[in-house]
file my_file_13.txt (compact mmCIF, C-alpha atoms)
# COMPACT_ATOMS: atom_id res chain seq x y z
CA MET A 283 -26.90 -4.27 -3.28
CA TRP A 284 -25.87 -2.83 0.03
CA ASN A 285 -22.49 -3.19 1.66
CA TYR A 286 -22.56 -2.85 5.43
CA GLU A 287 -19.74 -1.22 7.34
CA LYS A 288 -19.50 -1.42 11.10
CA ARG A 289 -19.15 2.32 11.61
CA LEU A 290 -21.16 5.51 11.28
CA GLN A 291 -20.22 8.04 8.61
CA HIS A 292 -19.76 10.58 11.38
CA PRO A 293 -19.39 9.61 15.05
CA VAL A 294 -22.29 10.25 17.39
CA LYS A 295 -21.88 10.73 21.11
CA ILE A 296 -24.87 11.88 23.11
CA THR A 297 -23.73 13.44 26.36
CA GLN A 298 -27.09 14.90 27.38
CA PRO A 299 -30.12 12.98 26.17
CA ASN A 300 -32.84 15.41 25.20
CA PRO A 301 -36.26 14.05 24.25
CA GLU A 302 -37.41 17.30 22.64
CA ILE A 303 -34.49 17.45 20.28
CA ALA A 304 -34.89 13.76 19.57
CA GLN A 305 -38.51 14.49 18.57
CA VAL A 306 -37.35 17.16 16.13
CA ILE A 307 -34.71 14.89 14.63
CA ILE A 308 -37.16 12.02 14.23
CA SER A 309 -39.69 14.33 12.61
CA GLN A 310 -37.09 15.36 10.04
CA PHE A 311 -36.21 11.77 9.36
CA GLY A 312 -39.63 10.11 9.13
CA GLY A 313 -43.01 10.97 7.68
CA PRO A 314 -43.97 11.95 4.12
CA ASP A 315 -41.55 14.90 3.92
CA GLY A 316 -38.74 13.27 5.87
CA GLU A 317 -35.27 12.36 4.72
CA LEU A 318 -36.10 8.70 4.51
CA ALA A 319 -39.04 9.33 2.18
CA ALA A 320 -36.83 11.53 0.00
CA SER A 321 -34.21 8.81 -0.07
CA MET A 322 -36.79 6.26 -1.20
CA ARG A 323 -37.90 8.60 -3.97
CA TYR A 324 -34.33 9.06 -5.20
CA LEU A 325 -33.67 5.33 -5.15
CA SER A 326 -36.85 4.67 -7.14
CA GLN A 327 -36.32 7.43 -9.67
CA ARG A 328 -32.92 6.13 -10.70
CA TYR A 329 -34.41 3.28 -12.68
CA THR A 330 -35.97 5.54 -15.27
CA MET A 331 -33.25 8.22 -15.32
CA PRO A 332 -31.85 8.64 -18.84
CA TYR A 333 -28.55 10.24 -17.74
CA ASN A 334 -25.89 8.15 -16.02
CA GLU A 335 -24.54 11.13 -14.10
CA VAL A 336 -27.90 11.69 -12.50
CA THR A 337 -28.43 8.00 -11.84
CA GLY A 338 -25.15 8.08 -9.96
CA ILE A 339 -26.16 11.11 -7.94
CA LEU A 340 -29.56 9.66 -7.07
CA THR A 341 -27.92 6.46 -5.90
CA ASP A 342 -25.21 8.13 -3.88
CA ILE A 343 -27.44 10.68 -2.19
CA GLY A 344 -30.21 8.16 -1.69
CA ARG A 345 -27.87 5.89 0.17
CA GLU A 346 -26.81 8.64 2.57
CA ALA A 347 -30.17 8.63 4.34
CA PRO A 348 -29.83 5.10 5.73
CA GLU A 349 -26.83 6.45 7.64
CA MET A 350 -29.42 8.09 9.79
CA PHE A 351 -30.78 4.71 10.80
CA HIS A 352 -28.37 4.83 13.66
CA LEU A 353 -30.45 7.38 15.47
CA ARG A 354 -28.60 7.65 18.74
CA GLY A 355 -31.10 10.32 19.65
CA LEU A 356 -33.41 7.45 20.46
CA GLN A 357 -31.24 6.64 23.43
CA PHE A 358 -32.87 8.90 25.97
CA MET B 170 1.30 -0.10 24.09
CA SER B 171 4.14 -2.55 24.18
CA ASP B 172 3.74 -3.76 20.62
CA ASN B 173 3.38 -1.71 17.47
CA ARG B 174 -0.36 -1.79 17.26
CA PRO B 175 -1.90 1.56 16.36
CA CYS B 176 -4.22 3.31 18.79
CA ARG B 177 -7.72 2.03 18.12
CA GLU B 178 -9.54 5.33 18.50
CA GLU B 179 -7.08 7.19 16.30
CA LEU B 180 -7.16 4.58 13.59
CA PHE B 181 -10.94 4.49 13.72
CA GLU B 182 -11.11 8.27 13.47
CA TRP B 183 -8.77 8.17 10.50
CA ILE B 184 -10.96 5.59 8.76
CA ASN B 185 -13.94 7.92 9.24
CA VAL B 186 -11.97 10.87 7.88
CA VAL B 187 -10.67 9.20 4.71
CA SER B 188 -13.97 7.43 4.08
CA PHE B 189 -15.76 10.74 4.23
CA SER B 190 -13.33 12.22 1.70
CA VAL B 191 -14.07 9.29 -0.58
CA ASP B 192 -17.83 9.81 -0.11
CA ASP B 193 -17.66 13.50 -0.97
CA VAL B 194 -15.41 13.17 -4.01
CA LYS B 195 -17.61 10.32 -5.21
CA LEU B 196 -20.57 12.72 -5.38
CA TYR B 197 -18.45 15.24 -7.28
CA LEU B 198 -17.26 12.59 -9.74
CA ASP B 199 -20.85 11.56 -10.48
CA THR B 200 -21.31 14.88 -12.26
CA HIS B 201 -17.67 15.47 -13.29
CA PRO B 202 -16.60 12.02 -14.44
CA CYS B 203 -13.51 13.22 -16.34
CA ASP B 204 -12.08 15.64 -13.81
CA ARG B 205 -8.50 14.50 -13.46
CA ASP B 206 -7.77 16.22 -10.14
CA ALA B 207 -10.84 14.67 -8.62
CA LEU B 208 -9.94 11.24 -9.98
CA GLU B 209 -6.47 11.48 -8.47
CA TYR B 210 -7.91 12.60 -5.16
CA PHE B 211 -10.25 9.64 -5.21
CA GLU B 212 -7.48 7.15 -5.96
CA GLU B 213 -5.33 8.49 -3.17
CA PHE B 214 -8.00 8.40 -0.51
CA LYS B 215 -9.38 5.09 -1.65
CA LYS B 216 -5.94 3.62 -1.22
CA GLN B 217 -5.59 5.09 2.26
CA ARG B 218 -9.01 3.84 3.22
CA VAL B 219 -8.33 0.29 2.09
CA GLN B 220 -5.06 0.28 3.96
CA ALA B 221 -6.59 1.64 7.14
CA LEU B 222 -9.46 -0.84 7.06
CA LYS B 223 -7.06 -3.74 6.62
CA GLU B 224 -4.93 -2.57 9.49
CA TYR B 225 -7.91 -2.08 11.75
CA ALA B 226 -9.21 -5.55 10.96
CA LYS B 227 -5.82 -7.04 11.73
CA TYR B 228 -5.72 -5.68 15.27
CA TYR B 229 -9.30 -4.96 16.25
CA GLY B 230 -11.61 -7.01 14.13
CA PRO B 231 -13.30 -6.37 10.80
CA LEU B 232 -15.37 -3.32 10.03
CA THR B 233 -16.45 -4.56 6.60
CA ILE B 234 -17.24 -7.98 5.28
CA ASP B 235 -14.33 -7.69 2.87
CA THR B 236 -11.85 -7.38 5.71
CA ALA B 237 -13.25 -10.29 7.69
CA CYS B 238 -10.56 -12.96 7.52
CA THR B 239 -11.51 -16.61 7.59
CA PRO B 240 -8.39 -18.31 9.02
CA ALA B 241 -9.46 -17.14 12.47
CA GLU B 242 -11.22 -19.73 14.59
CA ARG B 243 -14.25 -17.62 15.28
CA TRP B 244 -16.53 -15.39 13.21
CA ALA B 245 -15.23 -12.14 14.67
CA TRP B 246 -17.83 -10.08 12.80
CA ILE B 247 -20.30 -10.61 15.65
CA ASP B 248 -17.81 -10.10 18.47
CA ASN B 249 -16.89 -6.48 18.13
CA PRO B 250 -19.38 -3.81 19.13
CA TRP B 251 -21.97 -2.53 16.68
CA PRO B 252 -22.10 1.23 16.10
CA TRP B 253 -24.97 1.80 18.51
CA GLN B 254 -23.29 -0.11 21.33
CA GLU B 255 -20.65 0.95 23.82
CA GLY B 256 -17.24 0.83 22.26
CA GLY B 257 -18.74 1.00 18.82
CA CYS B 258 -19.46 3.95 16.53
CA MET C 160 -43.35 32.81 5.81
CA PRO C 161 -45.94 35.59 5.77
CA ASN C 162 -49.48 34.46 5.29
CA TYR C 163 -50.96 36.43 2.43
CA ARG C 164 -54.40 34.98 2.85
CA TYR C 165 -55.54 37.59 5.28
CA ASN C 166 -58.83 39.00 4.12
CA GLN C 167 -60.36 41.53 6.43
CA GLN C 168 -63.90 40.15 6.49
CA ASP C 169 -62.85 36.52 6.44
CA PHE C 170 -60.33 37.15 9.17
CA SER C 171 -62.88 38.79 11.42
CA ARG C 172 -65.35 36.01 10.83
CA ARG C 173 -62.83 33.36 11.71
CA ARG C 174 -61.86 35.17 14.83
CA GLY C 175 -65.40 34.67 15.90
CA CYS C 176 -66.44 38.27 16.39
CA GLY C 177 -69.36 39.95 14.66
CA GLN C 178 -68.03 43.46 15.17
CA PRO C 179 -65.15 44.98 13.29
CA SER C 180 -61.95 44.22 15.08
CA SER C 181 -60.11 46.97 16.87
CA VAL C 182 -56.79 45.55 15.75
CA THR C 183 -54.76 47.97 13.66
CA PRO C 184 -54.04 47.13 10.00
CA GLU C 185 -50.32 46.78 10.73
CA ALA C 186 -51.04 43.94 13.09
CA ILE C 187 -53.16 42.11 10.51
CA TYR C 188 -51.13 42.63 7.35
CA PRO C 189 -47.49 41.54 7.47
CA VAL C 190 -44.90 44.26 7.05
CA CYS C 191 -42.93 44.02 3.84
CA ARG C 192 -39.35 43.40 4.75
CA ASP C 193 -37.23 43.01 1.65
CA SER C 194 -33.52 43.39 2.32
CA ARG C 195 -32.43 41.17 -0.51
CA SER C 196 -31.20 44.01 -2.73
CA SER C 197 -28.17 44.53 -0.48
CA CYS C 198 -26.72 41.13 -1.35
CA ASP C 199 -28.37 40.20 -4.63
CA GLU C 200 -25.69 39.18 -7.11
CA LEU C 201 -28.29 38.19 -9.65
CA ASN C 202 -29.24 41.80 -10.37
CA ASN C 203 -28.09 41.76 -13.99
CA MET C 204 -29.28 38.31 -14.92
CA PRO C 205 -32.24 37.85 -17.25
CA LEU C 206 -35.54 37.23 -15.58
CA ALA C 207 -37.55 34.03 -15.50
CA MET C 208 -34.57 31.69 -15.71
CA ALA C 209 -33.27 29.27 -13.07
CA TYR C 210 -29.52 29.09 -12.64
CA VAL C 211 -27.32 26.43 -11.10
CA PRO C 212 -23.67 27.46 -11.41
CA TRP C 213 -21.34 24.65 -12.42
CA GLN C 214 -19.09 23.47 -9.63
CA GLU C 215 -15.30 23.37 -10.20
CA TRP C 216 -12.61 21.41 -8.40
CA ARG C 217 -11.01 24.05 -6.20
CA ASN C 218 -10.35 25.01 -2.58
CA ILE C 219 -10.36 21.48 -1.23
CA TYR C 220 -9.98 21.19 2.52
CA GLU C 221 -7.50 18.93 4.27
CA ALA C 222 -9.12 15.61 5.08
CA GLU C 223 -9.61 16.26 8.81
CA LYS C 224 -11.04 19.73 8.26
CA GLY C 225 -13.36 18.44 5.56
CA PHE C 226 -14.61 15.75 7.87
CA HIS C 227 -15.40 18.22 10.63
CA CYS C 228 -17.04 20.71 8.28
CA GLY C 229 -19.16 18.08 6.59
CA THR C 230 -17.76 18.83 3.15
CA ILE C 231 -14.37 18.78 1.47
CA PHE C 232 -15.29 21.80 -0.65
CA GLU C 233 -14.72 25.17 0.95
CA GLU C 234 -17.34 26.72 -1.32
CA LEU C 235 -19.96 24.37 0.00
CA ASN C 236 -19.19 25.01 3.65
CA LYS C 237 -22.21 27.09 4.59
CA PRO C 238 -22.96 26.81 8.28
CA PHE C 239 -26.45 27.81 9.27
CA ARG C 240 -26.52 31.25 10.87
CA GLY C 241 -30.19 32.15 10.67
CA ILE C 242 -29.53 35.49 8.94
CA GLY C 243 -31.72 35.09 5.91
CA GLY C 244 -29.63 33.44 3.22
CA CYS C 245 -27.27 36.24 2.24
CA GLN C 246 -24.49 35.21 -0.11
CA ASN C 247 -20.78 35.40 0.67
CA VAL C 248 -21.24 36.13 4.33
CA ARG C 249 -18.63 34.27 6.40
call {"tool": "encode", "arguments": {"input": "my_file_13.txt", "output": "structure tokens"}}
result
Amino acid sequence: MWNYEKRLQHPVKITQPNPEIAQVIISQFGGPDGELAASMRYLSQRYTMPYNEVTGILTDIGREAPEMFHLRGLQF
Amino acid sequence: MSDNRPCREELFEWINVVSFSVDDVKLYLDTHPCDRDALEYFEEFKKQRVQALKEYAKYYGPLTIDTACTPAERWAWIDNPWPWQEGGC
Amino acid sequence: MPNYRYNQQDFSRRRGCGQPSSVTPEAIYPVCRDSRSSCDELNNMPLAMAYVPWQEWRNIYEAEKGFHCGTIFEELNKPFRGIGGCQNVR
């Protein structure tokens, strides 16, 4: 189902690690209202979607969130 | 560089650029499946992406499983840095 | 977002004071600040309908520019400015 590529969609280079900003980023990513939760909802909702166009969109947007797994902000 | 190998950083950046174009037009095509301009754009950038990935794998190791080539004596997939490591991303 | 649940008695009770507060009404009730009319292009549209304009294929950025903007569509390049969501402000 998933194809792994050895690169990030957009390069990340942290020059000044900042724990406070990292906290904000993580809070946007995780938790019940985070991007990851939204992604999981999109990926689940595709199975009952009657329109192919929307199934495609749910898949393609849902798969964007795992990009954020490479949270370089954790390197502080 | 004494040989003709492309600069690694530039080629890598180019792969990111064309792959992003493919990602964005893919979203557009999900809702506009018959848009001819968008389809042409997709074909063009898909072609460039495939070419760039092949070239990168030839000189610097594979970035995708499809460009990992088996005649080599070692499974290079694990040798090159991962995105979160130095030299990766 | 303004909190419209301010109720004078309830508010005083929750602040823990038995006496009426000496705070002025302006400090308790949020000031209505509605500047949307200056950039509201939906003025002539019928009420109670949600609109999502259909996107067309136009104004596509060069690949490098698209990559740096985060979108290949010029119309979708909307950097955050913190000015309240006005349309067509560049």
call {"tool": "closest_residue", "arguments": {"input": "my_file_13.txt", "among": "C:Leu201, C:Phe232, C:Phe239, C:Cys191", "to": "C:Arg217", "atoms": "only C-alpha atoms"}}
result
C:Phe232
call {"tool": "residues_around", "arguments": {"input": "my_file_13.txt", "residues": "stretch 318-320 of chain A", "least_positions_apart": "5", "cutoff": "8 Å", "atoms": "all atoms listed in the file", "output": "JSON, numbers by chain"}}
result
{"A": [311, 312, 313, 344, 347, 348]}
call {"tool": "residues_around", "arguments": {"input": "my_file_13.txt", "residues": "B:Ala237", "least_positions_apart": "6", "cutoff": "8 Å", "atoms": "all atoms listed in the file", "output": "JSON, numbers by chain"}}
result
{"B": [226, 230, 231, 245, 246]}
call {"tool": "write_last_selection", "arguments": {"input": "my_file_13.txt", "atoms": "C-alpha atoms", "output": "short mmCIF file (atom, residue, chain, number, x, y, z; two decimals), in the coordinates of the input"}}
result
data_model
loop_
_atom_site.label_atom_id
_atom_site.label_comp_id
_atom_site.auth_asym_id
_atom_site.auth_seq_id
_atom_site.Cartn_x
_atom_site.Cartn_y
_atom_site.Cartn_z
CA ALA B 226 -9.21 -5.55 10.96
CA GLY B 230 -11.61 -7.01 14.13
CA PRO B 231 -13.30 -6.37 10.80
CA ALA B 245 -15.23 -12.14 14.67
CA TRP B 246 -17.83 -10.08 12.80
#
call {"tool": "interface_residues", "arguments": {"input": "my_file_13.txt", "of": "chain B", "to": "chain A", "cutoff": "7 Å", "atoms": "all atoms listed in the file", "output": "MDAnalysis selection string"}}
result
chainID B and resid 185 189 196 199:200 232:233 251:253 258
call {"tool": "closest_atom_pairs", "arguments": {"input": "my_file_13.txt", "of": "chain C", "to": "chain A", "cutoff": "9 Å", "atoms": "all atoms listed in the file", "output": "tab-separated table"}}
result
residue	atom	partner	partner_atom	distance
C:Phe226	CA	A:His292	CA	8.1
C:His227	CA	A:His292	CA	8.8
C:Gly229	CA	A:His292	CA	8.9
